[in-house]
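What follows is one structure encoded as structure tokens, with my remarks underneath.
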Amino acid sequence: MRMRKRPNLAPRMEKCAELMINEPETMCGHWRELMPGCAELHIELGCGKGRFTAGTAAAAPDVELIAIEKVPDAMIIAMERVKNQELKNVRFISADVAGLREMFAPEDGVRRIYINFCDPWPTKRHAKRRLTHGNFLKLYRRVLKDGGQIHFKTDNAPLFAWSVEEIPQFGFTLSEVTDDLHANGAVGVMTDYEAKFHELGTPIHRLVATMTPWEEPEEE
């Protein structure tokens, strides 16, 4: 589904300018300088309209959260949510996830990466575009600190089953694996999509992947 164009996007973005990092590459290795003394640094890949972003930041004000979204018409809603709630621990980047290594360095000490309801890219020929594909997992390993985690949620059962097989092959241990997160009632902070799925009774799949020591096998 194509995101409809938001009216007055430019002036709305301008009003939220203090939340945007326009040249994230210049912050590589220096993200904690934006919030000295923060307990942890987290990244959200594809924040969409920001319901999860704002809710997560509000629940942990001592954690610095960097939200990445490449669709401005979605990101402006997320930014306005954060601004209206006067949250001080969130910054936004308009970028593609493929450039993560240029934006974050090991010394940033990223503790957690959130991946919520990413594009499932269902056909086999598009598998490398899935955010839980090995190529991306190797990228996350270059950003996460030792013991860092990926928190992954999706409504797509085939993508989840595939990810459960894919992720451990790249040095991650799985925990909290479930095919029906909200079976006994709402759990945690939901995204906008997740809230709609929950109302419809659509099961939500979730897992936590913790990074462990790993050496990439040599190509034969």
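FYI, nothing fancy with the structure tokens labels: chains A, B, ... in order, residues from 1 per chain, ligands from 1 as they appear.
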
Using only C-alpha atoms, tabulate the residues of range 75-107 of chain A lying at most 10 Å from any atom of range 23-40 of chain A, each with its closest atom pair and that distance in Å to one decimal, by chain and increasing residue number, as CSV.
residue,atom,partner,partner_atom,distance
A:Lys88,CA,A:Met35,CA,8.8
A:Asn89,CA,A:Met35,CA,7.2
A:Val90,CA,A:Met35,CA,9.6
A:Arg91,CA,A:Leu34,CA,9.1
A:Phe92,CA,A:Pro24,CA,9.3
A:Ile93,CA,A:Pro24,CA,6.9
A:Ser94,CA,A:Pro24,CA,8.9
A:Ala95,CA,A:Pro24,CA,8.8
A:Gly99,CA,A:Glu25,CA,9.1
A:Leu100,CA,A:Glu25,CA,9.1
A:Arg101,CA,A:Cys28,CA,8.5
A:Glu102,CA,A:Glu25,CA,5.7
A:Met103,CA,A:Glu25,CA,4.5
A:Phe104,CA,A:Cys28,CA,4.6
A:Ala105,CA,A:Gly29,CA,5.0
A:Pro106,CA,A:Gly29,CA,7.2
A:Glu107,CA,A:Gly29,CA,5.6

- Contacts of Gln169 in chain A within 10 Å, only C-alpha atoms, excl. fewer than 2 positions in-chain, as a VMD selection string: chain A and resid 134 137 164 to 167 171 to 173 214 216

- Picked from range 37-124 of chain A by DSSP as helix (DSSP H, G or I), as a ChimeraX atom specification: /A:51-59,72-84,97-103,106-108,124

Based on the selection just made, write N, CA, C and O atoms of those residues as a CSV table (one decimal), in the first residue's frame.
chain,number,residue,atom,x,y,z
A,51,ARG,N,4.0,5.1,16.5
A,51,ARG,CA,3.3,4.7,17.8
A,51,ARG,C,4.3,3.9,18.7
A,51,ARG,O,4.4,4.2,19.9
A,52,PHE,N,5.0,3.0,18.1
A,52,PHE,CA,5.9,2.2,18.9
A,52,PHE,C,7.1,3.1,19.4
A,52,PHE,O,7.6,3.0,20.5
A,53,THR,N,7.6,3.9,18.5
A,53,THR,CA,8.7,4.8,18.8
A,53,THR,C,8.4,5.6,20.1
A,53,THR,O,9.2,5.7,21.0
A,54,ALA,N,7.3,6.3,20.0
A,54,ALA,CA,6.9,7.2,21.1
A,54,ALA,C,6.7,6.4,22.4
A,54,ALA,O,7.1,6.8,23.5
A,55,GLY,N,5.9,5.3,22.3
A,55,GLY,CA,5.6,4.6,23.4
A,55,GLY,C,6.8,3.9,24.1
A,55,GLY,O,7.0,3.9,25.3
A,56,THR,N,7.8,3.5,23.3
A,56,THR,CA,9.0,2.9,23.8
A,56,THR,C,9.9,3.9,24.5
A,56,THR,O,10.5,3.7,25.5
A,57,ALA,N,10.0,5.1,23.8
A,57,ALA,CA,10.8,6.1,24.4
A,57,ALA,C,10.2,6.7,25.7
A,57,ALA,O,11.0,6.9,26.6
A,58,ALA,N,8.9,6.8,25.8
A,58,ALA,CA,8.3,7.3,27.0
A,58,ALA,C,8.5,6.3,28.1
A,58,ALA,O,8.6,6.7,29.3
A,59,ALA,N,8.5,5.0,27.8
A,59,ALA,CA,8.6,4.0,28.9
A,59,ALA,C,10.1,3.9,29.4
A,59,ALA,O,10.3,3.3,30.5
A,72,PRO,N,9.2,9.9,4.2
A,72,PRO,CA,8.9,11.1,4.9
A,72,PRO,C,7.4,11.3,5.3
A,72,PRO,O,7.2,11.8,6.4
A,73,ASP,N,6.5,10.8,4.5
A,73,ASP,CA,5.1,10.9,4.8
A,73,ASP,C,4.7,10.1,6.0
A,73,ASP,O,3.7,10.4,6.7
A,74,ALA,N,5.4,9.1,6.4
A,74,ALA,CA,5.2,8.3,7.6
A,74,ALA,C,6.0,8.9,8.7
A,74,ALA,O,5.4,9.1,9.8
A,75,MET,N,7.2,9.3,8.5
A,75,MET,CA,8.1,9.8,9.5
A,75,MET,C,7.6,11.1,10.1
A,75,MET,O,7.8,11.3,11.3
A,76,ILE,N,6.9,11.9,9.4
A,76,ILE,CA,6.4,13.2,9.9
A,76,ILE,C,5.4,13.0,11.0
A,76,ILE,O,5.4,13.7,12.0
A,77,ILE,N,4.6,11.9,10.9
A,77,ILE,CA,3.6,11.6,11.9
A,77,ILE,C,4.4,11.1,13.2
A,77,ILE,O,4.0,11.5,14.3
A,78,ALA,N,5.4,10.3,13.0
A,78,ALA,CA,6.2,9.8,14.1
A,78,ALA,C,6.9,11.0,14.8
A,78,ALA,O,6.9,11.1,16.1
A,79,MET,N,7.4,11.9,14.1
A,79,MET,CA,8.1,13.1,14.6
A,79,MET,C,7.2,13.9,15.4
A,79,MET,O,7.5,14.4,16.5
A,80,GLU,N,6.0,14.2,14.9
A,80,GLU,CA,5.0,15.0,15.6
A,80,GLU,C,4.5,14.3,16.9
A,80,GLU,O,4.3,15.0,17.9
A,81,ARG,N,4.4,13.0,16.8
A,81,ARG,CA,4.0,12.3,18.1
A,81,ARG,C,5.1,12.5,19.2
A,81,ARG,O,4.7,12.8,20.3
A,82,VAL,N,6.3,12.4,18.8
A,82,VAL,CA,7.4,12.5,19.7
A,82,VAL,C,7.5,14.0,20.2
A,82,VAL,O,7.6,14.2,21.4
A,83,LYS,N,7.3,14.9,19.3
A,83,LYS,CA,7.4,16.3,19.7
A,83,LYS,C,6.2,16.7,20.6
A,83,LYS,O,6.4,17.4,21.6
A,84,ASN,N,5.0,16.2,20.3
A,84,ASN,CA,3.8,16.6,21.1
A,84,ASN,C,3.9,16.0,22.5
A,84,ASN,O,3.3,16.5,23.4
A,97,VAL,N,18.3,1.2,5.5
A,97,VAL,CA,19.0,0.4,6.5
A,97,VAL,C,20.3,-0.1,6.0
A,97,VAL,O,21.2,-0.4,6.7
A,98,ALA,N,20.4,-0.3,4.6
A,98,ALA,CA,21.7,-0.8,4.1
A,98,ALA,C,22.9,0.1,4.4
A,98,ALA,O,24.0,-0.4,4.4
A,99,GLY,N,22.6,1.4,4.8
A,99,GLY,CA,23.7,2.3,5.2
A,99,GLY,C,24.0,2.3,6.6
A,99,GLY,O,24.7,3.2,7.1
A,100,LEU,N,23.6,1.3,7.4
A,100,LEU,CA,23.7,1.4,8.8
A,100,LEU,C,25.1,1.4,9.3
A,100,LEU,O,25.5,2.2,10.2
A,101,ARG,N,26.0,0.7,8.6
A,101,ARG,CA,27.4,0.7,9.1
A,101,ARG,C,28.1,2.1,8.9
A,101,ARG,O,29.0,2.4,9.7
A,102,GLU,N,27.6,2.9,8.0
A,102,GLU,CA,28.2,4.2,7.8
A,102,GLU,C,27.7,5.2,8.9
A,102,GLU,O,28.2,6.3,9.1
A,103,MET,N,26.6,4.8,9.5
A,103,MET,CA,25.9,5.7,10.5
A,103,MET,C,26.2,5.4,11.9
A,103,MET,O,26.2,6.2,12.8
A,106,PRO,N,31.0,0.5,16.3
A,106,PRO,CA,31.0,-0.3,17.5
A,106,PRO,C,31.1,0.5,18.8
A,106,PRO,O,30.5,0.2,19.8
A,107,GLU,N,31.9,1.6,18.7
A,107,GLU,CA,32.0,2.4,19.9
A,107,GLU,C,30.8,3.1,20.4
A,107,GLU,O,30.7,3.7,21.5
A,108,ASP,N,29.7,3.2,19.5
A,108,ASP,CA,28.4,3.7,19.9
A,108,ASP,C,27.8,2.8,20.9
A,108,ASP,O,26.9,3.3,21.7
A,124,LYS,N,11.2,-15.9,-3.4
A,124,LYS,CA,12.6,-16.4,-3.2
A,124,LYS,C,13.6,-15.5,-3.7
A,124,LYS,O,14.7,-15.3,-3.1

- Write down as a ChimeraX atom specification the residues of chain A whose backbone DSSP state falls under strand (DSSP E or B). /A:20,40-45,63-68,90-93,110-116,144-154,172-178,205-211

- Given only C-alpha atoms as the counted atoms, nearest of A:Lys70, A:His198, A:Lys15, A:Arg112 to Phe152 in chain A: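 Using only C-alpha atoms, Phe152 in chain A sits closest to A:Arg112.
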
- Message: Can you tell me which residues surround Leu131 in chain A at a distance of at most 9 Å, considering only C-alpha atoms, apart from same-chain residues fewer than 3 positions away, and format the answer as a list in words?
- Response: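 Using only C-alpha atoms, the neighbours found are Leu45, Val97, Ile115, Cys118, Asp119, Pro120, Lys128, Gly134, Asn135, Phe136 and Leu137 of chain A.
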
Serialized selection, N, CA, C and O atoms, as a PDB file, in the first residue's frame:
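File written: again-v6.pdb
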ATOM      1  N   LEU A  45      14.431   0.137  13.197  1.00  0.00           N
ATOM      2  CA  LEU A  45      14.521   0.114  11.742  1.00  0.00           C
ATOM      3  C   LEU A  45      13.123   0.169  11.140  1.00  0.00           C
ATOM      4  O   LEU A  45      12.344  -0.779  11.250  1.00  0.00           O
ATOM      5  N   VAL A  97      18.280   1.205   5.482  1.00  0.00           N
ATOM      6  CA  VAL A  97      18.953   0.357   6.466  1.00  0.00           C
ATOM      7  C   VAL A  97      20.302  -0.144   5.951  1.00  0.00           C
ATOM      8  O   VAL A  97      21.231  -0.374   6.738  1.00  0.00           O
ATOM      9  N   ILE A 115      13.095  -4.444  14.927  1.00  0.00           N
ATOM     10  CA  ILE A 115      12.594  -4.645  13.569  1.00  0.00           C
ATOM     11  C   ILE A 115      11.131  -5.035  13.682  1.00  0.00           C
ATOM     12  O   ILE A 115      10.809  -6.149  14.097  1.00  0.00           O
ATOM     13  N   CYS A 118       8.433  -5.523   9.106  1.00  0.00           N
ATOM     14  CA  CYS A 118       9.149  -5.159   7.885  1.00  0.00           C
ATOM     15  C   CYS A 118       8.509  -5.836   6.674  1.00  0.00           C
ATOM     16  O   CYS A 118       7.732  -6.785   6.805  1.00  0.00           O
ATOM     17  N   ASP A 119       8.849  -5.358   5.492  1.00  0.00           N
ATOM     18  CA  ASP A 119       8.363  -5.947   4.254  1.00  0.00           C
ATOM     19  C   ASP A 119       8.811  -7.409   4.195  1.00  0.00           C
ATOM     20  O   ASP A 119      10.005  -7.699   4.322  1.00  0.00           O
ATOM     21  N   PRO A 120       7.889  -8.369   4.006  1.00  0.00           N
ATOM     22  CA  PRO A 120       8.273  -9.789   4.009  1.00  0.00           C
ATOM     23  C   PRO A 120       9.001 -10.249   2.752  1.00  0.00           C
ATOM     24  O   PRO A 120       9.611 -11.320   2.763  1.00  0.00           O
ATOM     25  N   LYS A 128      17.006 -11.750  -0.241  1.00  0.00           N
ATOM     26  CA  LYS A 128      18.111 -10.950   0.280  1.00  0.00           C
ATOM     27  C   LYS A 128      17.661  -9.565   0.761  1.00  0.00           C
ATOM     28  O   LYS A 128      18.431  -8.866   1.428  1.00  0.00           O
ATOM     29  N   GLY A 134      20.694 -13.061   6.162  1.00  0.00           N
ATOM     30  CA  GLY A 134      22.057 -13.118   6.671  1.00  0.00           C
ATOM     31  C   GLY A 134      22.902 -11.900   6.350  1.00  0.00           C
ATOM     32  O   GLY A 134      23.724 -11.473   7.170  1.00  0.00           O
ATOM     33  N   ASN A 135      22.724 -11.317   5.168  1.00  0.00           N
ATOM     34  CA  ASN A 135      23.505 -10.127   4.810  1.00  0.00           C
ATOM     35  C   ASN A 135      23.237  -8.975   5.767  1.00  0.00           C
ATOM     36  O   ASN A 135      24.149  -8.231   6.145  1.00  0.00           O
ATOM     37  N   PHE A 136      21.975  -8.808   6.165  1.00  0.00           N
ATOM     38  CA  PHE A 136      21.638  -7.770   7.129  1.00  0.00           C
ATOM     39  C   PHE A 136      22.096  -8.162   8.527  1.00  0.00           C
ATOM     40  O   PHE A 136      22.559  -7.314   9.304  1.00  0.00           O
ATOM     41  N   LEU A 137      21.980  -9.432   8.858  1.00  0.00           N
ATOM     42  CA  LEU A 137      22.413  -9.884  10.185  1.00  0.00           C
ATOM     43  C   LEU A 137      23.905  -9.625  10.388  1.00  0.00           C
ATOM     44  O   LEU A 137      24.332  -9.212  11.475  1.00  0.00           O
TER      45      LEU A 137
END

- Message: I need the residue nearest Phe170 in chain A from this list: A:Lys138, A:Pro158, A:Lys145, A:Ala183. Use only C-alpha atoms for the distance.
- Response: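 Result for the nearest residue to Phe170 in chain A: A:Lys138.
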